[in-house]
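model11.txt follows (compact mmCIF, C-alpha atoms and all ligand atoms):
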```txt
# COMPACT_ATOMS: atom_id res chain seq x y z
CA MET N 187 195.40 132.89 -147.30
CA LYS N 188 194.48 132.57 -150.96
CA GLU N 189 198.08 132.02 -151.99
CA LEU N 190 198.86 129.66 -149.15
CA PRO N 191 195.61 127.79 -148.59
CA ASN N 192 196.96 124.92 -146.49
CA ASP N 193 199.74 124.05 -144.05
CA ASN N 194 201.74 122.27 -146.72
CA LYS N 195 201.96 125.49 -148.73
CA TYR N 196 203.35 127.26 -145.68
CA LYS N 197 205.97 124.55 -145.34
CA GLU N 198 206.93 125.07 -148.95
CA TYR N 199 207.09 128.81 -148.38
CA LEU N 200 209.27 128.38 -145.27
CA ALA N 201 211.59 125.96 -147.08
CA LYS N 202 212.04 128.44 -149.94
CA TYR N 203 212.69 131.27 -147.53
CA LYS N 204 214.98 129.31 -145.24
CA TRP N 205 217.18 127.84 -147.92
CA HIS N 206 217.08 130.63 -150.48
CA ASN N 207 220.87 130.75 -150.35
CA GLY N 208 221.15 126.98 -150.43
CA PHE N 209 221.26 124.41 -147.66
CA VAL N 210 224.22 124.13 -145.29
CA CYS N 211 224.24 121.16 -142.94
CA PRO N 212 224.45 122.29 -139.30
CA LYS N 213 226.26 119.08 -138.42
CA CYS N 214 228.98 118.74 -141.04
CA ARG N 215 228.76 122.16 -142.77
CA GLY N 216 228.48 120.37 -146.10
CA ALA N 217 225.96 121.33 -148.73
CA ALA N 218 225.31 118.47 -151.13
CA GLY N 219 221.86 117.03 -150.56
CA CYS N 220 218.32 117.11 -151.81
CA MET N 221 214.80 118.07 -150.83
CA LYS N 222 212.65 115.15 -149.79
CA LYS N 223 208.92 114.78 -149.47
CA GLY N 224 207.37 117.16 -146.93
CA PHE N 225 209.97 119.85 -147.62
CA LYS N 226 212.68 118.17 -145.61
CA TYR N 227 216.28 118.58 -146.62
CA HIS N 228 218.35 115.43 -146.73
CA ARG N 229 222.13 115.73 -146.62
CA TYR N 230 223.89 112.99 -148.60
CA SER N 231 227.08 112.31 -146.67
CA CYS N 232 225.99 112.51 -143.02
CA HIS N 233 222.27 111.69 -143.58
CA HIS N 234 221.13 114.65 -141.51
CA VAL N 235 217.51 115.50 -142.23
CA GLU N 236 216.17 118.96 -141.48
CA SER N 237 212.55 120.07 -141.70
CA ALA N 238 211.52 123.46 -143.03
CA THR N 239 210.26 124.45 -139.59
CA ALA N 240 213.38 123.36 -137.62
CA ASN N 241 214.97 126.30 -135.78
CA THR N 242 212.07 128.58 -136.60
CA LEU N 243 209.15 129.92 -134.56
CA PHE N 244 206.92 127.40 -136.25
CA HIS N 245 208.66 124.23 -135.18
CA LYS N 246 206.24 121.68 -133.67
CA VAL N 247 203.58 124.33 -133.32
CA LYS N 248 200.40 122.65 -132.11
CA PHE N 249 197.81 124.56 -134.11
CA GLY N 250 199.17 124.44 -137.62
CA LEU N 251 201.24 126.75 -139.76
CA GLN N 252 198.44 128.79 -141.27
CA LYS N 253 197.08 129.90 -137.92
CA SER N 254 200.63 130.54 -136.62
CA PHE N 255 201.45 132.74 -139.60
CA CYS N 256 198.22 134.67 -139.04
CA VAL N 257 199.08 135.22 -135.37
CA VAL N 258 202.56 136.47 -136.29
CA PHE N 259 201.04 138.75 -138.91
CA GLU N 260 198.61 140.23 -136.41
CA MET N 261 201.27 140.68 -133.76
CA THR N 262 203.71 142.42 -136.07
CA THR N 263 201.23 144.72 -137.78
CA SER N 264 198.73 145.66 -135.10
CA SER N 265 199.33 148.98 -133.42
CA LYS N 266 197.23 147.91 -130.47
CA SER N 267 198.51 145.37 -128.00
CA LEU N 268 196.91 141.98 -128.48
CA SER N 269 196.06 139.69 -125.60
CA SER N 270 196.43 135.94 -125.70
CA VAL N 271 192.83 135.64 -124.51
CA GLN N 272 191.62 137.60 -127.52
CA LEU N 273 193.70 135.66 -130.06
CA ALA N 274 193.04 132.28 -128.44
CA GLU N 275 189.34 132.85 -128.88
CA ARG N 276 189.66 134.05 -132.46
CA TYR N 277 191.71 131.05 -133.57
CA GLY N 278 190.03 128.45 -131.40
CA ILE N 279 193.19 127.59 -129.47
CA SER N 280 193.63 127.21 -125.73
CA GLN N 281 194.84 130.35 -124.02
CA THR N 282 197.90 128.61 -122.54
CA THR N 283 199.04 127.43 -125.96
CA MET N 284 198.47 130.85 -127.45
CA ARG N 285 200.30 132.59 -124.63
CA PHE N 286 203.28 130.28 -125.06
CA PHE N 287 203.42 130.89 -128.80
CA MET N 288 203.04 134.65 -128.42
CA GLN N 289 205.93 134.66 -125.96
CA LYS N 290 208.13 133.00 -128.57
CA VAL N 291 207.08 135.58 -131.15
CA ARG N 292 207.75 138.49 -128.79
CA LYS N 293 211.19 137.09 -128.01
CA ALA N 294 211.93 136.91 -131.73
CA MET N 295 210.69 140.47 -132.18
CA GLU N 296 212.96 141.87 -129.49
CA SER N 297 214.90 144.59 -131.14
CA SER N 298 218.14 143.37 -132.57
CA GLU N 299 219.06 147.07 -132.85
CA LYS N 300 219.85 146.34 -136.46
CA TYR N 301 216.74 148.07 -137.71
CA PRO N 302 217.04 151.81 -137.32
CA LEU N 303 213.92 153.91 -136.93
CA SER N 304 212.56 155.24 -140.18
CA GLU N 305 209.40 157.00 -141.40
CA LEU N 306 208.71 159.95 -139.07
CA VAL N 307 210.90 160.22 -135.99
CA HIS N 308 210.44 162.66 -133.14
CA VAL N 309 213.36 163.24 -130.80
CA ASP N 310 213.12 164.91 -127.41
CA LYS N 311 215.18 165.17 -124.27
CA PHE N 312 213.81 165.05 -120.77
CA THR N 313 214.49 164.51 -117.08
CA ILE N 314 213.11 161.64 -115.03
CA GLY N 315 212.95 161.48 -111.28
CA GLU N 316 210.94 162.47 -108.25
CA LYS N 317 210.80 166.02 -107.00
CA GLU N 318 212.20 166.05 -103.49
CA ASP N 319 209.83 167.33 -100.78
CA GLY N 320 210.44 170.95 -99.95
CA LYS N 321 212.64 171.53 -102.96
CA GLN N 322 211.36 173.79 -105.69
CA GLY N 323 211.77 173.89 -109.41
CA ARG N 324 214.87 172.81 -111.24
CA ASN N 325 216.79 171.86 -108.17
CA TYR N 326 218.52 168.88 -109.70
CA ASP N 327 220.11 166.37 -107.43
CA GLY N 328 221.54 162.92 -107.88
CA LYS N 329 218.13 161.34 -108.18
CA LYS N 330 217.27 163.07 -111.43
CA LYS N 331 218.23 161.31 -114.62
CA LYS N 332 218.47 162.80 -118.04
CA ALA N 333 217.39 160.92 -121.09
CA VAL N 334 216.79 161.31 -124.78
CA ILE N 335 213.92 159.60 -126.55
CA ALA N 336 213.37 158.82 -130.23
CA VAL N 337 209.83 157.91 -131.22
CA GLU N 338 208.97 156.42 -134.59
CA LEU N 339 205.50 157.24 -135.88
CA SER N 340 203.56 155.66 -138.70
CA ASN N 341 201.97 157.72 -141.49
CA LYS N 342 198.83 157.76 -139.37
CA HIS N 343 200.85 159.14 -136.46
CA GLN N 344 200.58 156.02 -134.37
CA VAL N 345 203.57 155.17 -132.20
CA LYS N 346 205.50 152.24 -133.65
CA ARG N 347 208.83 151.91 -131.87
CA ILE N 348 210.74 153.85 -129.24
CA TYR N 349 214.34 154.09 -128.13
CA ILE N 350 215.27 155.76 -124.88
CA LYS N 351 218.86 156.42 -123.89
CA SER N 352 220.07 157.55 -120.51
CA ILE N 353 222.53 160.45 -120.93
CA ASP N 354 224.76 162.54 -118.64
CA ASP N 355 223.84 165.92 -120.06
CA TYR N 356 222.23 167.60 -123.05
CA SER N 357 225.47 168.26 -124.90
CA SER N 358 225.77 167.30 -128.53
CA LYS N 359 228.28 164.65 -127.52
CA SER N 360 225.57 162.94 -125.44
CA LEU N 361 222.73 163.53 -127.86
CA THR N 362 224.38 162.39 -131.06
CA PRO N 363 224.68 158.62 -130.37
CA ILE N 364 220.94 157.93 -130.41
CA PHE N 365 220.83 159.37 -133.93
CA GLU N 366 223.82 157.39 -135.09
CA GLU N 367 222.77 154.10 -133.54
CA HIS N 368 219.02 154.07 -133.96
CA ILE N 369 217.82 156.47 -136.62
CA ASP N 370 218.07 155.91 -140.33
CA THR N 371 220.00 158.70 -142.06
CA SER N 372 217.29 159.23 -144.66
CA THR N 373 214.57 159.68 -142.03
CA LYS N 374 212.69 162.90 -141.41
CA VAL N 375 213.46 163.84 -137.82
CA PHE N 376 211.56 166.36 -135.76
CA ALA N 377 213.19 168.01 -132.74
CA ASP N 378 213.26 171.34 -130.95
CA LYS N 379 215.88 174.00 -131.58
CA TRP N 380 218.26 172.94 -128.84
CA ARG N 381 221.84 173.60 -129.91
CA GLY N 382 222.90 170.14 -128.76
CA TYR N 383 221.28 168.74 -131.88
CA GLU N 384 223.31 170.98 -134.19
CA PRO N 385 225.96 168.45 -135.18
CA ILE N 386 223.25 166.27 -136.64
CA THR N 387 222.76 167.59 -140.11
CA TRP N 388 219.92 170.07 -140.42
CA SER N 389 218.75 168.38 -143.55
CA GLN N 390 217.73 165.53 -141.28
CA ILE N 391 216.13 167.56 -138.49
CA LYS N 392 213.13 169.57 -139.55
CA GLN N 393 212.80 171.93 -136.66
CA ASN N 394 209.57 171.73 -134.82
CA VAL N 395 208.05 175.13 -135.48
CA THR N 396 205.76 174.98 -132.48
CA GLN N 397 208.78 175.07 -130.18
ZN ZN N 401 225.80 116.94 -142.37
```
Could you quickly redo this structure as structure tokens?
Ligand SMILES: [Zn+2]
Amino acid sequence: MKELPNDNKYKEYLAKYKWHNGFVCPKCRGAAGCMKKGFKYHRYSCHHVESATANTLFHKVKFGLQKSFCVVFEMTTSSKSLSSVQLAERYGISQTTMRFFMQKVRKAMESSEKYPLSELVHVDKFTIGEKEDGKQGRNYDGKKKKAVIAVELSNKHQVKRIYIKSIDDYSSKSLTPIFEEHIDTSTKVFADKWRGYEPITWSQIKQNVTQ
């Protein structure tokens, strides 16, 4: 807030971030143009004008850029879930407006699956499903589903992100994809000693000694 003390500074920041590789006109794909007052980009040949906030979360936001940035910061860094009631009160915004904005932020935060889990990751396999009446123990039937879960923890051991994948069995063929698709190769992974994990290099899995 010290570095960006007013909404205009946020606009400048957004413009820098948005066009750090240069401006490309969405209409004519041309590039030659210039920045106008208010951090708007003006394209010479087709006269298209684009604001720094266009096509971002912050476009036409009703309560200013500084507050919006703060809300995004809180939502992306808090390990607790934040309610719109709570944030509306803190920023002096109506709850409806806050809820609408938070929905936009959540949508933008939806995993693109391009960001593999890092830091500490725990992997486990499990079965989901109801136990049928009168049936005992591991009497698996069609209703039981197997799954593998990868949980990313922060340094303080708070849960950050989770991937769950439905699998057919606990073979290494079924267990390997969650590692390949969702876990960074340099990450410390904790798992039990199940042989299905063996193809994943042991340098990555530090076996859970309590198992
Ligand atoms: Zn153009």
**Prompt:** Which one is closest to ligand ZN 401 (chain N): N:Val235, N:Met187, N:Val291, N:Val307? Count only C-alpha atoms and all ligand atoms.
**Reply:** N:Val235
**Prompt:** Taking only C-alpha atoms and all ligand atoms into account, which residues are within 7 Å of ligand ZN 401 (chain N), as number ranges by chain?
**Reply:** N: 211-216, 229, 231-234
**Asked** Counting all atoms listed in the file, what is within 10 Å of Lys311 (chain N), bar same-chain residues fewer than 4 positions away, as a PyMOL selection string?
**Response** chain N and resi 332-336+350-353+355-356+361+377-378+380
**Request:** Name all residues at most 8 Å from Arg347 (chain N) (count all atoms listed in the file; drop same-chain ones fewer than 5 positions away) and give them as a ChimeraX atom specification.
**Result:** /N:303,337-339
What's the 10 Å shell around His368 (chain N), counting only C-alpha atoms, without same-chain residues fewer than 5 positions away, as a PDB file with C-alpha atoms, in the coordinates of the input?
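Contents of the output file result23.pdb:
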```
ATOM      1  CA  GLU N 299     219.060 147.070-132.850  1.00  0.00           C
ATOM      2  CA  LYS N 300     219.850 146.340-136.460  1.00  0.00           C
ATOM      3  CA  TYR N 301     216.740 148.070-137.710  1.00  0.00           C
ATOM      4  CA  PRO N 302     217.040 151.810-137.320  1.00  0.00           C
ATOM      5  CA  LEU N 303     213.920 153.910-136.930  1.00  0.00           C
ATOM      6  CA  SER N 304     212.560 155.240-140.180  1.00  0.00           C
ATOM      7  CA  ALA N 336     213.370 158.820-130.230  1.00  0.00           C
ATOM      8  CA  ILE N 348     210.740 153.850-129.240  1.00  0.00           C
ATOM      9  CA  TYR N 349     214.340 154.090-128.130  1.00  0.00           C
ATOM     10  CA  ILE N 350     215.270 155.760-124.880  1.00  0.00           C
ATOM     11  CA  PRO N 363     224.680 158.620-130.370  1.00  0.00           C
TER      12      PRO N 363
END
```
**Asked** Any idea what's packed within 9 Å of region 259-266 of chain N, counting only C-alpha atoms, ignoring anything in its chain fewer than 6 positions away? Could you give it as JSON, numbers by chain?
**Response** {"N": [288, 291, 292, 295, 344, 345, 346]}
**Message:** Measuring between all atoms listed in the file, which one of N:Lys248, N:Asn194, N:Tyr277, N:Val210 shows the shortest distance to Lys223 (chain N)?
**Reply:**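 Closest to Lys223 (chain N), using all atoms listed in the file: N:Asn194.
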Could N, CA and C atoms be built for region 273-300 of chain N and written out as an mmCIF file, in the coordinates of the input?
```
data_model
loop_
_atom_site.group_PDB
_atom_site.id
_atom_site.type_symbol
_atom_site.label_atom_id
_atom_site.label_comp_id
_atom_site.auth_asym_id
_atom_site.auth_seq_id
_atom_site.Cartn_x
_atom_site.Cartn_y
_atom_site.Cartn_z
ATOM 1 N N LEU N 273 193.270 136.447 -128.900
ATOM 2 C CA LEU N 273 193.700 135.660 -130.060
ATOM 3 C C LEU N 273 193.347 134.178 -129.911
ATOM 4 N N ALA N 274 193.395 133.679 -128.678
ATOM 5 C CA ALA N 274 193.040 132.280 -128.440
ATOM 6 C C ALA N 274 191.602 132.033 -128.879
ATOM 7 N N GLU N 275 190.740 132.980 -128.530
ATOM 8 C CA GLU N 275 189.340 132.850 -128.880
ATOM 9 C C GLU N 275 189.144 132.911 -130.397
ATOM 10 N N ARG N 276 189.825 133.871 -131.020
ATOM 11 C CA ARG N 276 189.660 134.050 -132.460
ATOM 12 C C ARG N 276 190.094 132.817 -133.252
ATOM 13 N N TYR N 277 191.185 132.176 -132.807
ATOM 14 C CA TYR N 277 191.710 131.050 -133.570
ATOM 15 C C TYR N 277 191.301 129.687 -133.005
ATOM 16 N N GLY N 278 190.483 129.700 -131.974
ATOM 17 C CA GLY N 278 190.030 128.450 -131.400
ATOM 18 C C GLY N 278 191.149 127.603 -130.808
ATOM 19 N N ILE N 279 192.042 128.260 -130.073
ATOM 20 C CA ILE N 279 193.190 127.590 -129.470
ATOM 21 C C ILE N 279 193.131 127.866 -127.970
ATOM 22 N N SER N 280 193.662 126.949 -127.167
ATOM 23 C CA SER N 280 193.630 127.210 -125.730
ATOM 24 C C SER N 280 194.517 128.412 -125.404
ATOM 25 N N GLN N 281 194.126 129.127 -124.347
ATOM 26 C CA GLN N 281 194.840 130.350 -124.020
ATOM 27 C C GLN N 281 196.294 130.084 -123.626
ATOM 28 N N THR N 282 196.528 128.959 -122.946
ATOM 29 C CA THR N 282 197.900 128.610 -122.540
ATOM 30 C C THR N 282 198.785 128.407 -123.768
ATOM 31 N N THR N 283 198.270 127.675 -124.736
ATOM 32 C CA THR N 283 199.040 127.430 -125.960
ATOM 33 C C THR N 283 199.317 128.728 -126.692
ATOM 34 N N MET N 284 198.302 129.567 -126.771
ATOM 35 C CA MET N 284 198.470 130.850 -127.450
ATOM 36 C C MET N 284 199.476 131.728 -126.723
ATOM 37 N N ARG N 285 199.390 131.755 -125.403
ATOM 38 C CA ARG N 285 200.300 132.590 -124.630
ATOM 39 C C ARG N 285 201.748 132.142 -124.848
ATOM 40 N N PHE N 286 201.946 130.839 -124.856
ATOM 41 C CA PHE N 286 203.280 130.280 -125.060
ATOM 42 C C PHE N 286 203.828 130.667 -126.440
ATOM 43 N N PHE N 287 202.978 130.549 -127.444
ATOM 44 C CA PHE N 287 203.420 130.890 -128.800
ATOM 45 C C PHE N 287 203.722 132.385 -128.922
ATOM 46 N N MET N 288 202.831 133.197 -128.343
ATOM 47 C CA MET N 288 203.040 134.650 -128.420
ATOM 48 C C MET N 288 204.323 135.080 -127.720
ATOM 49 N N GLN N 289 204.672 134.360 -126.652
ATOM 50 C CA GLN N 289 205.930 134.660 -125.960
ATOM 51 C C GLN N 289 207.127 134.412 -126.879
ATOM 52 N N LYS N 290 207.052 133.316 -127.620
ATOM 53 C CA LYS N 290 208.130 133.000 -128.570
ATOM 54 C C LYS N 290 208.238 134.086 -129.632
ATOM 55 N N VAL N 291 207.080 134.547 -130.109
ATOM 56 C CA VAL N 291 207.080 135.580 -131.150
ATOM 57 C C VAL N 291 207.665 136.885 -130.603
ATOM 58 N N ARG N 292 207.241 137.244 -129.380
ATOM 59 C CA ARG N 292 207.750 138.490 -128.790
ATOM 60 C C ARG N 292 209.262 138.426 -128.620
ATOM 61 N N LYS N 293 209.750 137.263 -128.210
ATOM 62 C CA LYS N 293 211.190 137.090 -128.010
ATOM 63 C C LYS N 293 211.910 137.310 -129.344
ATOM 64 N N ALA N 294 211.313 136.753 -130.407
ATOM 65 C CA ALA N 294 211.930 136.910 -131.730
ATOM 66 C C ALA N 294 211.870 138.346 -132.224
ATOM 67 N N MET N 295 210.848 139.079 -131.743
ATOM 68 C CA MET N 295 210.690 140.470 -132.180
ATOM 69 C C MET N 295 211.548 141.447 -131.392
ATOM 70 N N GLU N 296 212.129 140.980 -130.297
ATOM 71 C CA GLU N 296 212.960 141.870 -129.490
ATOM 72 C C GLU N 296 213.958 142.560 -130.390
ATOM 73 N N SER N 297 214.083 143.833 -130.205
ATOM 74 C CA SER N 297 214.900 144.590 -131.140
ATOM 75 C C SER N 297 216.313 144.053 -131.195
ATOM 76 N N SER N 298 216.759 143.790 -132.381
ATOM 77 C CA SER N 298 218.140 143.370 -132.570
ATOM 78 C C SER N 298 219.013 144.613 -132.681
ATOM 79 N N GLU N 299 218.390 145.782 -132.673
ATOM 80 C CA GLU N 299 219.060 147.070 -132.850
ATOM 81 C C GLU N 299 219.684 147.184 -134.228
ATOM 82 N N LYS N 300 219.314 146.279 -135.104
ATOM 83 C CA LYS N 300 219.850 146.340 -136.460
ATOM 84 C C LYS N 300 218.891 147.070 -137.384
#
```
